[in-house]
Amino acid sequence: MSDKIVTRFAPSPTGYLHIGGARTALFNWLFARGHGGTFLLRIEDTDRERSTPAATAAILKGLDWLGLDYDGEVVSQFEGRHRHAEVALDMLARGAAYKCFSTQTEIEAFREAARAEGRSTLFQSPWRDADPATHPDAPYVIRLKAPREGATVIEDKVQGTVTFKNDQLDDMVCLRSDGTPTYMLAVVVDDHDMGVTHVIRGDDHLTNAARQVQVYTAMGWDVPIFAHIPLIHGPDGKKLSKRHGAVGLEEYQAMGYPAAGMRNYLTRLGWSHGDDEFFTDAQAREWFNLEGIGRAPARLDFKKLENLCGQHIAVAEDAALVREIEGYLAAAAKPALSDAQRDGLERAMYCLKERAKTFPELLEKAEFVMTSRPVAPDEKALKALDPVSRGILKTLTPQLQNASWTRDDLEATLNEVAQAHGLGFGKLAGPLRAALAGRSVTPSVFDMMLVLGREETLARLDDQAA
RNA sequence: GGCCCGUUCGUCUAUCGGUUAGGACACCAGGUUUUCAACCUGGUAAGAGGGGUUCGACUCCCCUACGGGCUGCCA
């Protein structure tokens with residue numbers, strides 16, 4: 001295949017960016033970027049009732065956070081409505097479509113009767129072969145004159161060859177009675193006009209694909225390559241919904257997952273490249289292919305997400321992490337970092353990033369560098385600061401006064417002190433940790449001393465010493 | 001109801017007719033340890049059920065069960 005690959009993500013702006021939609025976008029992006037292709041974004045806003053600018057904004061924000069950049073301008077499907085109508089009229093002119101004057105109440109009655117008799121509820125319009133001379137002066141929709149014999153076949157890259165008998169497919173509405181196009185028509189026209197070569201989308205569109213192929217055929221257009229990917233399910237195997245917790249991508253940012261970890265997890269969910277679990281964006285782009293996509297729906301597993309996120313945090317650059325954490329704080333509506341905190345965080349990052357899976361966890365361990373004197377110990381820290389321990393801290397100060405401030409020397413000094421008191425190092429580390437951080441969960445005491453520096457360290461010890 | 005898709009350890013998956021069915025996360029046990037995290041060693045754990053086809057099926061076919069999707073002048 002020498003033609004350039006063009007993919008697209010086409011969400012409808014009716015809410016937040018669904019986690020499943022985000023994965024669909026990711027697959028399209030990965031496929032395009034990995035093959036030197038183009039990744040387009042089109043907002044399916046033909047449903048004027050439900051589409052909102054806020055939802056579009058949420059989608060853009062979500063894609064931006066996930067790091068999925070699209071080529072060109074965002075396409076509004078609604079704005080192409082005249083073009084869509086033009087195609088509908090074209091099909092009408094060439095006899096591939098027809099005007100249907102059946103009212104919605106008539107159709108409803110037809111379906112009810114069909115249901116009652118156990119017949120197929122697919123609507124069969126009496127106007128399909130009507131003589132135009134008999135057309136009333138009334139509102140009408142334009143329906144596709146779909147073939148009734150034979151079958152429509154989808155060659156799907158994920159689902160394989162899927163055959164639909166044409167008598168199972170109805171004459172879909174292309175143009176509504178108010179003259180606006182339906183989604184079914186609009187996708188086909190837009191995908192064709194935008195030169196989309198690969199349609200990668202949720203498998204809830206698999207049946208739709210058959211109807212859409214009929215439009216391509218009616219217009220004599222090339223049918224794109226389809227890849228219908230399985231939907232994501234909740235931990236209980238049911239379709240993912242709000243009762244499972246987070247479904248909107250923005251919630252994941254607010255929970256403090258790094259975007260890189262999210263990308264890795266989402267890529268690996270339902271797609272595989274041998275036994276590779278943890279990979280970089282570059283590797284993902286290089287490895288991603290349609291063949292590796294599974295056919296069964298996958299369930300969300302937060303533990304695995306966390307594990308992957310932890311690995312990505314560990315290998316990320318310090319400055320980049322600080323920036324991403326600031327984004328997290330904003331998304332979670334938490335107080336922003338002060339300049340001093342930002343500096344401290346970056347200095348301490350080297351010892352924080354290897355022990356956290358999420359940003360809240362990282363920030364918890366960063367507390368020692370985020371607070372300023374006097375440090376207020378929490379309950380657990382207070383327990384470590386009993387009178388005896390406070391006494392030991394006091395004897396520590398002179399030793400530290402003259403110690404050279406390197407990890408090795410601090411370690412040696414502290415071990416000596418512990419021995420002098422006949423204690424294991426653990427007994428000394430507890431109070432030290434409490435005095436330095438006011439917390440019981442922190443990086444190693446040596447790292448804290450190094451990050452804090454001699455002066456601050458001694459001051460904090462002095463605050464708690466007795 | 002009709003049509004379509006799916007079903008390997010708890011979870012994500014490898015396998016593409018011949019394997020002691022592999023890996024990762026999670027879990028359990030032990031080790032290490034300065035709290036947390038990490039790390040080391042070992043372990044538990046899977047082909048939905050039933051029929052075929054075949055010398056041989058997780059792999060191919062059929063049926064059933066279960067899950068999902070579509071069946072809109074929603075997308």
# chains A, B, ... in the order shown; residues from 1 in each chain; ligands from 1

call {"tool": "interface_residues", "arguments": {"of": "chain B", "to": "chain A", "cutoff": "9 Å", "atoms": "only C-alpha atoms (C1' of nucleotides)", "output": "PyMOL selection string"}}
result
chain B and resi 1-7+11-14+22-26+34-38+67-71+73-75

call {"tool": "residues_around", "arguments": {"residues": "His244 (chain A)", "least_positions_apart": "3", "cutoff": "7 Å", "atoms": "only C-alpha atoms (C1' of nucleotides)", "output": "NGL selection string"}}
result
:A and (234 or 240-241)

call {"tool": "write_last_selection", "arguments": {"atoms": "all heavy atoms", "output": "PDB file, in the first residue's frame"}}
result
ATOM      1  N   GLY A 234     -16.435  -2.584  32.270  1.00  0.00           N
ATOM      2  CA  GLY A 234     -16.075  -2.327  33.656  1.00  0.00           C
ATOM      3  C   GLY A 234     -15.485  -3.583  34.274  1.00  0.00           C
ATOM      4  O   GLY A 234     -15.488  -4.643  33.648  1.00  0.00           O
ATOM      5  N   LEU A 240     -19.071  -0.501  30.289  1.00  0.00           N
ATOM      6  CA  LEU A 240     -18.577   0.525  31.189  1.00  0.00           C
ATOM      7  C   LEU A 240     -19.560   1.687  31.321  1.00  0.00           C
ATOM      8  O   LEU A 240     -19.953   2.297  30.337  1.00  0.00           O
ATOM      9  CB  LEU A 240     -17.238   1.043  30.665  1.00  0.00           C
ATOM     10  CG  LEU A 240     -16.449   1.959  31.609  1.00  0.00           C
ATOM     11  CD1 LEU A 240     -16.067   1.194  32.866  1.00  0.00           C
ATOM     12  CD2 LEU A 240     -15.214   2.484  30.916  1.00  0.00           C
ATOM     13  N   SER A 241     -19.946   1.954  32.528  1.00  0.00           N
ATOM     14  CA  SER A 241     -20.860   3.067  32.750  1.00  0.00           C
ATOM     15  C   SER A 241     -20.483   3.783  34.029  1.00  0.00           C
ATOM     16  O   SER A 241     -19.565   3.383  34.744  1.00  0.00           O
ATOM     17  CB  SER A 241     -22.291   2.564  32.839  1.00  0.00           C
ATOM     18  OG  SER A 241     -22.464   1.804  34.019  1.00  0.00           O
TER      19      SER A 241
END

call {"tool": "residues_around", "arguments": {"residues": "Leu329 (chain A)", "least_positions_apart": "5", "cutoff": "12 Å", "atoms": "only C-alpha atoms (C1' of nucleotides)", "output": "PyMOL selection string"}}
result
chain A and resi 253-257+322-324+334-337+359-360+363

call {"tool": "write_last_selection", "arguments": {"atoms": "N, CA, C and O atoms", "output": "compact mmCIF listing (two decimals), in the first residue's frame"}}
result
# COMPACT_ATOMS: atom_id res chain seq x y z
N GLN A 253 -7.12 12.24 34.85
CA GLN A 253 -6.10 13.26 35.08
C GLN A 253 -6.25 13.77 36.52
O GLN A 253 -5.26 13.95 37.23
N ALA A 254 -7.49 13.96 36.92
CA ALA A 254 -7.75 14.48 38.26
C ALA A 254 -7.36 13.47 39.35
O ALA A 254 -7.16 13.85 40.50
N MET A 255 -7.29 12.20 38.99
CA MET A 255 -6.88 11.20 39.97
C MET A 255 -5.37 11.11 40.06
O MET A 255 -4.83 10.39 40.89
N GLY A 256 -4.69 11.82 39.15
CA GLY A 256 -3.24 11.87 39.25
C GLY A 256 -2.48 10.79 38.50
O GLY A 256 -1.37 10.43 38.88
N TYR A 257 -3.07 10.29 37.43
CA TYR A 257 -2.33 9.34 36.61
C TYR A 257 -1.56 10.14 35.56
O TYR A 257 -2.11 11.04 34.94
N VAL A 322 7.31 17.78 37.19
CA VAL A 322 6.82 18.93 37.96
C VAL A 322 5.72 19.63 37.16
O VAL A 322 4.67 19.96 37.69
N ARG A 323 5.98 19.80 35.89
CA ARG A 323 4.99 20.47 35.05
C ARG A 323 3.68 19.66 35.00
O ARG A 323 2.59 20.21 35.10
N GLU A 324 3.83 18.36 34.86
CA GLU A 324 2.62 17.55 34.77
C GLU A 324 1.87 17.54 36.10
O GLU A 324 0.64 17.49 36.13
N LYS A 334 -6.86 21.57 43.22
CA LYS A 334 -6.07 21.70 44.45
C LYS A 334 -5.21 22.95 44.34
O LYS A 334 -4.96 23.44 43.24
N PRO A 335 -4.74 23.46 45.45
CA PRO A 335 -3.92 24.68 45.44
C PRO A 335 -2.68 24.51 44.56
O PRO A 335 -2.07 23.43 44.55
N ALA A 336 -2.35 25.56 43.86
CA ALA A 336 -1.17 25.50 42.99
C ALA A 336 0.09 25.56 43.82
O ALA A 336 0.07 25.91 45.00
N LEU A 337 1.21 25.22 43.19
CA LEU A 337 2.51 25.23 43.86
C LEU A 337 3.04 26.67 43.98
O LEU A 337 2.91 27.46 43.06
N PHE A 359 0.34 10.75 41.16
CA PHE A 359 0.80 12.04 41.66
C PHE A 359 0.39 12.32 43.11
O PHE A 359 1.18 12.89 43.87
N PRO A 360 -0.82 11.94 43.51
CA PRO A 360 -1.16 12.17 44.92
C PRO A 360 -0.19 11.44 45.85
O PRO A 360 0.22 11.95 46.89
N LEU A 363 3.08 13.28 45.85
CA LEU A 363 2.98 14.52 46.61
C LEU A 363 2.96 14.25 48.12
O LEU A 363 3.49 15.04 48.91

call {"tool": "atom_distance", "arguments": {"atom1": "CA of Asn289 (chain A)", "atom2": "CA of Gly15 (chain A)"}}
result
29.5 Å

call {"tool": "select_by_dssp", "arguments": {"residues": "region 135-281 of chain A", "states": "helix (DSSP H, G or I)", "output": "ChimeraX atom specification"}}
result
/A:166-168,183-193,203-219,242-244,249-254,259-268,281

call {"tool": "atom_distance", "arguments": {"atom1": "CA of Ala284 (chain A)", "atom2": "CA of Thr267 (chain A)"}}
result
7.7 Å

call {"tool": "residues_around", "arguments": {"residues": "region 49-59 of chain B", "least_positions_apart": "5", "cutoff": "7 Å", "atoms": "only C-alpha atoms (C1' of nucleotides)", "output": "number ranges by chain"}}
result
B: 8, 17-18

call {"tool": "select_by_dssp", "arguments": {"residues": "region 88-256 of chain A", "states": "strand (DSSP E or B)", "output": "PyMOL selection string"}}
result
chain A and resi 97-100+141-144+151-156+160-165+173-175+181+198-202+225-229+232-233+239+248

call {"tool": "atom_distance", "arguments": {"atom1": "CA of Val223 (chain A)", "atom2": "CA of Leu185 (chain A)"}}
result
13.8 Å

call {"tool": "residues_around", "arguments": {"residues": "Arg201 (chain A)", "least_positions_apart": "6", "cutoff": "10 Å", "atoms": "only C-alpha atoms (C1' of nucleotides)", "output": "list in words"}}
result
Arg8, Phe9, Ala10, Pro11, Gly20, Gly21, Arg23, Thr24, Ala25, Phe27, Asn28, Phe226, Ala227, His228, Ile229, Pro230 and Leu231 of chain A

call {"tool": "closest_residue", "arguments": {"among": "A:Ala260, A:Leu400, A:Ala418, A:Ile5", "to": "Glu455 (chain A)", "atoms": "only C-alpha atoms"}}
result
A:Leu400

call {"tool": "residues_around", "arguments": {"residues": "Lys394 (chain A)", "least_positions_apart": "3", "cutoff": "9 Å", "atoms": "only C-alpha atoms (C1' of nucleotides)", "output": "PDB file with N, CA, C and O atoms, in the first residue's frame"}}
result
ATOM      1  N   SER A 389      13.411   9.526  72.156  1.00  0.00           N
ATOM      2  CA  SER A 389      13.818   9.807  70.792  1.00  0.00           C
ATOM      3  C   SER A 389      14.224  11.260  70.630  1.00  0.00           C
ATOM      4  O   SER A 389      15.200  11.585  69.955  1.00  0.00           O
ATOM      5  N   ARG A 390      13.471  12.128  71.263  1.00  0.00           N
ATOM      6  CA  ARG A 390      13.798  13.548  71.179  1.00  0.00           C
ATOM      7  C   ARG A 390      15.185  13.799  71.771  1.00  0.00           C
ATOM      8  O   ARG A 390      15.949  14.639  71.285  1.00  0.00           O
ATOM      9  N   GLY A 391      15.501  13.054  72.797  1.00  0.00           N
ATOM     10  CA  GLY A 391      16.815  13.187  73.422  1.00  0.00           C
ATOM     11  C   GLY A 391      17.914  12.762  72.461  1.00  0.00           C
ATOM     12  O   GLY A 391      18.955  13.420  72.353  1.00  0.00           O
ATOM     13  N   THR A 397      22.572  16.512  66.759  1.00  0.00           N
ATOM     14  CA  THR A 397      22.871  17.822  66.177  1.00  0.00           C
ATOM     15  C   THR A 397      24.355  18.159  66.085  1.00  0.00           C
ATOM     16  O   THR A 397      24.831  18.536  65.010  1.00  0.00           O
ATOM     17  N   PRO A 398      25.099  18.029  67.167  1.00  0.00           N
ATOM     18  CA  PRO A 398      26.522  18.379  67.086  1.00  0.00           C
ATOM     19  C   PRO A 398      27.270  17.528  66.050  1.00  0.00           C
ATOM     20  O   PRO A 398      28.174  18.020  65.357  1.00  0.00           O
ATOM     21  N   LEU A 461      15.564  19.522  63.210  1.00  0.00           N
ATOM     22  CA  LEU A 461      15.882  18.617  64.312  1.00  0.00           C
ATOM     23  C   LEU A 461      15.796  19.388  65.621  1.00  0.00           C
ATOM     24  O   LEU A 461      15.268  18.897  66.620  1.00  0.00           O
ATOM     25  N   ASP A 462      16.284  20.561  65.561  1.00  0.00           N
ATOM     26  CA  ASP A 462      16.291  21.393  66.758  1.00  0.00           C
ATOM     27  C   ASP A 462      14.868  21.694  67.225  1.00  0.00           C
ATOM     28  O   ASP A 462      14.579  21.722  68.420  1.00  0.00           O
ATOM     29  N   GLN A 464      12.401  19.814  67.124  1.00  0.00           N
ATOM     30  CA  GLN A 464      11.774  18.668  67.792  1.00  0.00           C
ATOM     31  C   GLN A 464      12.618  18.088  68.912  1.00  0.00           C
ATOM     32  O   GLN A 464      12.137  17.251  69.674  1.00  0.00           O
ATOM     33  N   ALA A 465      13.872  18.486  68.985  1.00  0.00           N
ATOM     34  CA  ALA A 465      14.757  17.904  69.994  1.00  0.00           C
ATOM     35  C   ALA A 465      14.372  18.377  71.386  1.00  0.00           C
ATOM     36  O   ALA A 465      13.798  19.448  71.544  1.00  0.00           O
ATOM     37  N   ALA A 466      14.701  17.566  72.357  1.00  0.00           N
ATOM     38  CA  ALA A 466      14.384  17.962  73.726  1.00  0.00           C
ATOM     39  C   ALA A 466      15.626  17.818  74.593  1.00  0.00           C
ATOM     40  O   ALA A 466      16.506  17.058  74.274  1.00  0.00           O
TER      41      ALA A 466
END

call {"tool": "residues_around", "arguments": {"residues": "Asp463 (chain A)", "least_positions_apart": "2", "cutoff": "9 Å", "atoms": "only C-alpha atoms (C1' of nucleotides)", "output": "PyMOL selection string"}}
result
chain A and resi 373-375+435+458-461+465-466

call {"tool": "decode", "arguments": {"residues": "region 31-68 of chain B", "atoms": "N, CA and C atoms (P, O5', C5', C4', C3', O3' and C1' of nucleotides)", "output": "short mmCIF file (atom, residue, chain, number, x, y, z; two decimals), in the first residue's frame"}}
result
data_model
loop_
_atom_site.label_atom_id
_atom_site.label_comp_id
_atom_site.auth_asym_id
_atom_site.auth_seq_id
_atom_site.Cartn_x
_atom_site.Cartn_y
_atom_site.Cartn_z
P G B 31 11.55 -14.51 56.24
"O5'" G B 31 12.54 -14.02 55.09
"C5'" G B 31 13.69 -14.80 54.77
"C4'" G B 31 14.48 -14.12 53.69
"C3'" G B 31 14.91 -12.69 53.99
"O3'" G B 31 16.06 -12.62 54.81
"C1'" G B 31 14.08 -12.83 51.78
P U B 32 16.26 -11.35 55.79
"O5'" U B 32 16.53 -10.17 54.77
"C5'" U B 32 17.71 -10.18 53.96
"C4'" U B 32 17.69 -8.99 53.04
"C3'" U B 32 17.46 -7.65 53.74
"O3'" U B 32 18.67 -7.14 54.27
"C1'" U B 32 16.04 -7.82 51.84
P U B 33 18.64 -6.51 55.74
"O5'" U B 33 17.87 -5.15 55.53
"C5'" U B 33 18.34 -4.20 54.59
"C4'" U B 33 17.28 -3.17 54.35
"C3'" U B 33 16.72 -2.56 55.64
"O3'" U B 33 17.53 -1.48 56.07
"C1'" U B 33 14.94 -3.19 54.18
P U B 34 17.55 -1.08 57.62
"O5'" U B 34 16.31 -0.10 57.71
"C5'" U B 34 15.84 0.33 58.99
"C4'" U B 34 14.73 1.30 58.68
"C3'" U B 34 13.97 0.86 57.44
"O3'" U B 34 12.59 1.09 57.63
"C1'" U B 34 14.92 3.02 57.11
P U B 35 11.64 -0.09 57.13
"O5'" U B 35 10.25 0.68 57.03
"C5'" U B 35 9.56 1.08 58.22
"C4'" U B 35 8.59 2.16 57.86
"C3'" U B 35 7.93 1.98 56.51
"O3'" U B 35 6.81 1.11 56.61
"C1'" U B 35 8.72 4.19 56.70
P C B 36 6.56 0.04 55.45
"O5'" C B 36 6.12 0.93 54.22
"C5'" C B 36 4.91 1.67 54.26
"C4'" C B 36 4.86 2.58 53.06
"C3'" C B 36 5.11 1.90 51.73
"O3'" C B 36 3.95 1.28 51.22
"C1'" C B 36 6.37 3.89 51.85
P A B 37 4.09 -0.07 50.38
"O5'" A B 37 4.94 0.36 49.11
"C5'" A B 37 4.34 1.15 48.09
"C4'" A B 37 5.40 1.63 47.13
"C3'" A B 37 6.22 0.57 46.40
"O3'" A B 37 5.53 0.03 45.30
"C1'" A B 37 7.65 2.26 47.19
P A B 38 5.88 -1.43 44.82
"O5'" A B 38 7.43 -1.33 44.47
"C5'" A B 38 7.88 -0.55 43.36
"C4'" A B 38 9.38 -0.51 43.34
"C3'" A B 38 10.07 -1.85 43.16
"O3'" A B 38 10.14 -2.21 41.79
"C1'" A B 38 11.08 -0.69 44.95
P C B 39 9.97 -3.73 41.39
"O5'" C B 39 11.29 -4.40 41.98
"C5'" C B 39 12.57 -3.90 41.62
"C4'" C B 39 13.62 -4.55 42.48
"C3'" C B 39 13.54 -6.06 42.53
"O3'" C B 39 14.16 -6.65 41.41
"C1'" C B 39 13.82 -5.22 44.72
P C B 40 13.54 -8.00 40.82
"O5'" C B 40 14.17 -9.10 41.77
"C5'" C B 40 15.58 -9.24 41.87
"C4'" C B 40 15.90 -10.28 42.91
"C3'" C B 40 15.09 -11.56 42.79
"O3'" C B 40 15.67 -12.44 41.83
"C1'" C B 40 15.05 -10.84 45.04
P U B 41 14.73 -13.42 41.02
"O5'" U B 41 14.37 -14.51 42.12
"C5'" U B 41 15.39 -15.31 42.70
"C4'" U B 41 14.79 -16.23 43.72
"C3'" U B 41 13.55 -16.99 43.26
"O3'" U B 41 13.86 -18.12 42.48
"C1'" U B 41 13.18 -16.11 45.43
P G B 42 12.84 -18.58 41.35
"O5'" G B 42 11.65 -19.20 42.21
"C5'" G B 42 11.85 -20.41 42.93
"C4'" G B 42 10.72 -20.63 43.90
"C3'" G B 42 9.32 -20.78 43.31
"O3'" G B 42 9.09 -22.08 42.79
"C1'" G B 42 9.23 -19.38 45.21
P G B 43 7.94 -22.26 41.69
"O5'" G B 43 6.62 -22.02 42.54
"C5'" G B 43 6.32 -22.88 43.64
"C4'" G B 43 5.05 -22.42 44.31
"C3'" G B 43 3.83 -22.35 43.40
"O3'" G B 43 3.24 -23.62 43.24
"C1'" G B 43 3.94 -20.42 44.76
P U B 44 2.29 -23.88 42.00
"O5'" U B 44 0.91 -23.24 42.47
"C5'" U B 44 0.28 -23.70 43.67
"C4'" U B 44 -0.94 -22.86 43.93
"C3'" U B 44 -1.87 -22.72 42.74
"O3'" U B 44 -2.74 -23.85 42.64
"C1'" U B 44 -1.53 -20.60 43.74
P A B 45 -2.89 -24.56 41.24
"O5'" A B 45 -3.66 -23.46 40.40
"C5'" A B 45 -4.90 -22.96 40.86
"C4'" A B 45 -5.27 -21.74 40.05
"C3'" A B 45 -5.18 -21.94 38.55
"O3'" A B 45 -6.33 -22.58 38.06
"C1'" A B 45 -4.18 -19.88 39.16
P A B 46 -6.19 -23.65 36.92
"O5'" A B 46 -6.68 -22.84 35.64
"C5'" A B 46 -7.97 -22.22 35.65
"C4'" A B 46 -8.20 -21.59 34.31
"C3'" A B 46 -8.17 -22.56 33.14
"O3'" A B 46 -9.44 -23.15 32.97
"C1'" A B 46 -6.86 -20.66 32.65
P G B 47 -9.51 -24.60 32.31
"O5'" G B 47 -9.20 -24.31 30.77
"C5'" G B 47 -10.27 -24.36 29.84
"C4'" G B 47 -10.22 -23.08 29.05
"C3'" G B 47 -11.05 -23.15 27.78
"O3'" G B 47 -11.82 -21.97 27.77
"C1'" G B 47 -8.72 -22.83 27.27
P A B 48 -13.01 -21.77 26.85
"O5'" A B 48 -14.15 -22.12 27.91
"C5'" A B 48 -14.00 -21.76 29.28
"C4'" A B 48 -15.32 -22.02 29.96
"C3'" A B 48 -15.95 -23.35 29.53
"O3'" A B 48 -15.53 -24.38 30.40
"C1'" A B 48 -17.50 -21.58 29.23
P G B 49 -15.22 -25.83 29.78
"O5'" G B 49 -16.68 -26.40 29.53
"C5'" G B 49 -17.55 -26.66 30.63
"C4'" G B 49 -18.88 -27.13 30.10
"C3'" G B 49 -18.78 -28.21 29.03
"O3'" G B 49 -18.64 -29.50 29.59
"C1'" G B 49 -20.27 -26.53 28.30
P G B 50 -17.87 -30.63 28.74
"O5'" G B 50 -18.90 -30.93 27.57
"C5'" G B 50 -20.20 -31.42 27.89
"C4'" G B 50 -21.02 -31.55 26.64
"C3'" G B 50 -20.34 -32.26 25.48
"O3'" G B 50 -20.36 -33.66 25.63
"C1'" G B 50 -21.43 -30.32 24.68
P G B 51 -19.42 -34.57 24.66
"O5'" G B 51 -20.38 -34.79 23.43
"C5'" G B 51 -19.87 -35.18 22.19
"C4'" G B 51 -20.71 -34.62 21.07
"C3'" G B 51 -20.03 -34.72 19.73
"O3'" G B 51 -20.22 -36.01 19.17
"C1'" G B 51 -20.77 -32.52 20.04
P G B 52 -18.91 -36.97 19.04
"O5'" G B 52 -17.88 -36.01 18.36
"C5'" G B 52 -17.34 -36.34 17.11
"C4'" G B 52 -18.03 -35.56 15.99
"C3'" G B 52 -17.11 -35.30 14.83
"O3'" G B 52 -17.31 -36.30 13.84
"C1'" G B 52 -17.90 -33.22 15.68
P U B 53 -16.07 -37.26 13.53
"O5'" U B 53 -15.15 -36.29 12.68
"C5'" U B 53 -15.69 -35.60 11.54
"C4'" U B 53 -14.69 -34.62 11.01
"C3'" U B 53 -13.26 -35.13 11.03
"O3'" U B 53 -12.99 -35.94 9.88
"C1'" U B 53 -13.33 -32.95 11.93
P U B 54 -12.27 -37.37 10.13
"O5'" U B 54 -10.81 -36.96 10.57
"C5'" U B 54 -10.00 -36.15 9.73
"C4'" U B 54 -8.77 -35.68 10.48
"C3'" U B 54 -8.03 -36.79 11.22
"O3'" U B 54 -7.15 -37.50 10.35
"C1'" U B 54 -8.29 -34.90 12.64
P C B 55 -7.07 -39.11 10.55
"O5'" C B 55 -6.26 -39.27 11.90
"C5'" C B 55 -6.22 -40.54 12.57
"C4'" C B 55 -5.22 -40.49 13.71
"C3'" C B 55 -5.39 -39.31 14.65
"O3'" C B 55 -6.37 -39.57 15.64
"C1'" C B 55 -3.12 -39.50 14.02
P G B 56 -7.41 -38.49 16.02
"O5'" G B 56 -6.50 -37.36 16.69
"C5'" G B 56 -5.87 -37.62 17.94
"C4'" G B 56 -4.91 -36.50 18.29
"C3'" G B 56 -5.52 -35.11 18.28
"O3'" G B 56 -6.21 -34.83 19.47
"C1'" G B 56 -3.46 -35.08 17.13
P A B 57 -7.68 -34.32 19.37
"O5'" A B 57 -7.76 -33.49 20.71
"C5'" A B 57 -8.50 -32.32 20.66
"C4'" A B 57 -7.57 -31.13 20.77
"C3'" A B 57 -8.44 -29.92 21.14
"O3'" A B 57 -8.39 -29.60 22.52
"C1'" A B 57 -7.29 -29.62 19.01
P C B 58 -7.20 -29.01 23.36
"O5'" C B 58 -7.48 -27.44 23.25
"C5'" C B 58 -8.54 -26.84 23.96
"C4'" C B 58 -8.65 -25.40 23.57
"C3'" C B 58 -8.67 -25.17 22.07
"O3'" C B 58 -9.99 -25.24 21.59
"C1'" C B 58 -7.08 -23.72 23.10
P U B 59 -10.34 -25.47 20.10
"O5'" U B 59 -9.42 -24.33 19.46
"C5'" U B 59 -9.85 -23.50 18.45
"C4'" U B 59 -8.66 -22.71 17.97
"C3'" U B 59 -8.37 -22.98 16.50
"O3'" U B 59 -8.31 -21.77 15.78
"C1'" U B 59 -6.42 -23.38 17.86
P C B 60 -9.74 -21.22 15.27
"O5'" C B 60 -10.22 -22.35 14.24
"C5'" C B 60 -9.81 -22.31 12.88
"C4'" C B 60 -10.57 -23.37 12.11
"C3'" C B 60 -12.05 -23.49 12.46
"O3'" C B 60 -12.82 -22.53 11.75
"C1'" C B 60 -11.09 -25.64 12.44
P C B 61 -14.21 -22.06 12.37
"O5'" C B 61 -15.16 -23.31 12.11
"C5'" C B 61 -15.53 -23.66 10.78
"C4'" C B 61 -16.54 -24.78 10.83
"C3'" C B 61 -17.71 -24.54 11.77
"O3'" C B 61 -18.73 -23.79 11.14
"C1'" C B 61 -16.81 -26.69 12.18
P C B 62 -19.72 -22.93 12.06
"O5'" C B 62 -20.64 -24.04 12.72
"C5'" C B 62 -21.54 -24.79 11.93
"C4'" C B 62 -22.28 -25.78 12.79
"C3'" C B 62 -22.98 -25.17 14.01
"O3'" C B 62 -24.24 -24.64 13.69
"C1'" C B 62 -21.76 -27.10 14.68
P C B 63 -24.85 -23.49 14.63
"O5'" C B 63 -25.28 -24.28 15.94
"C5'" C B 63 -26.34 -25.25 15.89
"C4'" C B 63 -26.47 -25.92 17.23
"C3'" C B 63 -26.69 -24.97 18.41
"O3'" C B 63 -28.04 -24.59 18.56
"C1'" C B 63 -25.02 -26.57 18.96
P U B 64 -28.37 -23.20 19.30
"O5'" U B 64 -27.98 -23.51 20.82
"C5'" U B 64 -28.73 -24.45 21.59
"C4'" U B 64 -28.10 -24.60 22.96
"C3'" U B 64 -27.95 -23.31 23.75
"O3'" U B 64 -29.14 -22.96 24.43
"C1'" U B 64 -25.94 -24.57 23.86
P A B 65 -29.37 -21.44 24.88
"O5'" A B 65 -28.27 -21.21 26.01
"C5'" A B 65 -28.38 -21.88 27.28
"C4'" A B 65 -27.18 -21.52 28.13
"C3'" A B 65 -26.95 -20.02 28.29
"O3'" A B 65 -27.75 -19.47 29.32
"C1'" A B 65 -24.92 -21.08 27.72
P C B 66 -28.28 -17.99 29.21
"O5'" C B 66 -26.96 -17.12 29.47
"C5'" C B 66 -26.31 -17.18 30.73
"C4'" C B 66 -24.94 -16.56 30.62
"C3'" C B 66 -24.91 -15.15 30.05
"O3'" C B 66 -25.22 -14.16 31.03
"C1'" C B 66 -23.25 -16.42 29.00
P G B 67 -25.93 -12.82 30.56
"O5'" G B 67 -24.73 -12.03 29.87
"C5'" G B 67 -23.65 -11.57 30.67
"C4'" G B 67 -22.59 -10.94 29.79
"C3'" G B 67 -23.09 -9.86 28.86
"O3'" G B 67 -23.24 -8.61 29.49
"C1'" G B 67 -21.67 -11.31 27.68
P G B 68 -24.36 -7.61 28.92
"O5'" G B 68 -23.71 -7.10 27.57
"C5'" G B 68 -22.51 -6.33 27.61
"C4'" G B 68 -21.98 -6.15 26.21
"C3'" G B 68 -22.91 -5.46 25.23
"O3'" G B 68 -22.92 -4.06 25.39
"C1'" G B 68 -21.90 -7.32 24.19
#
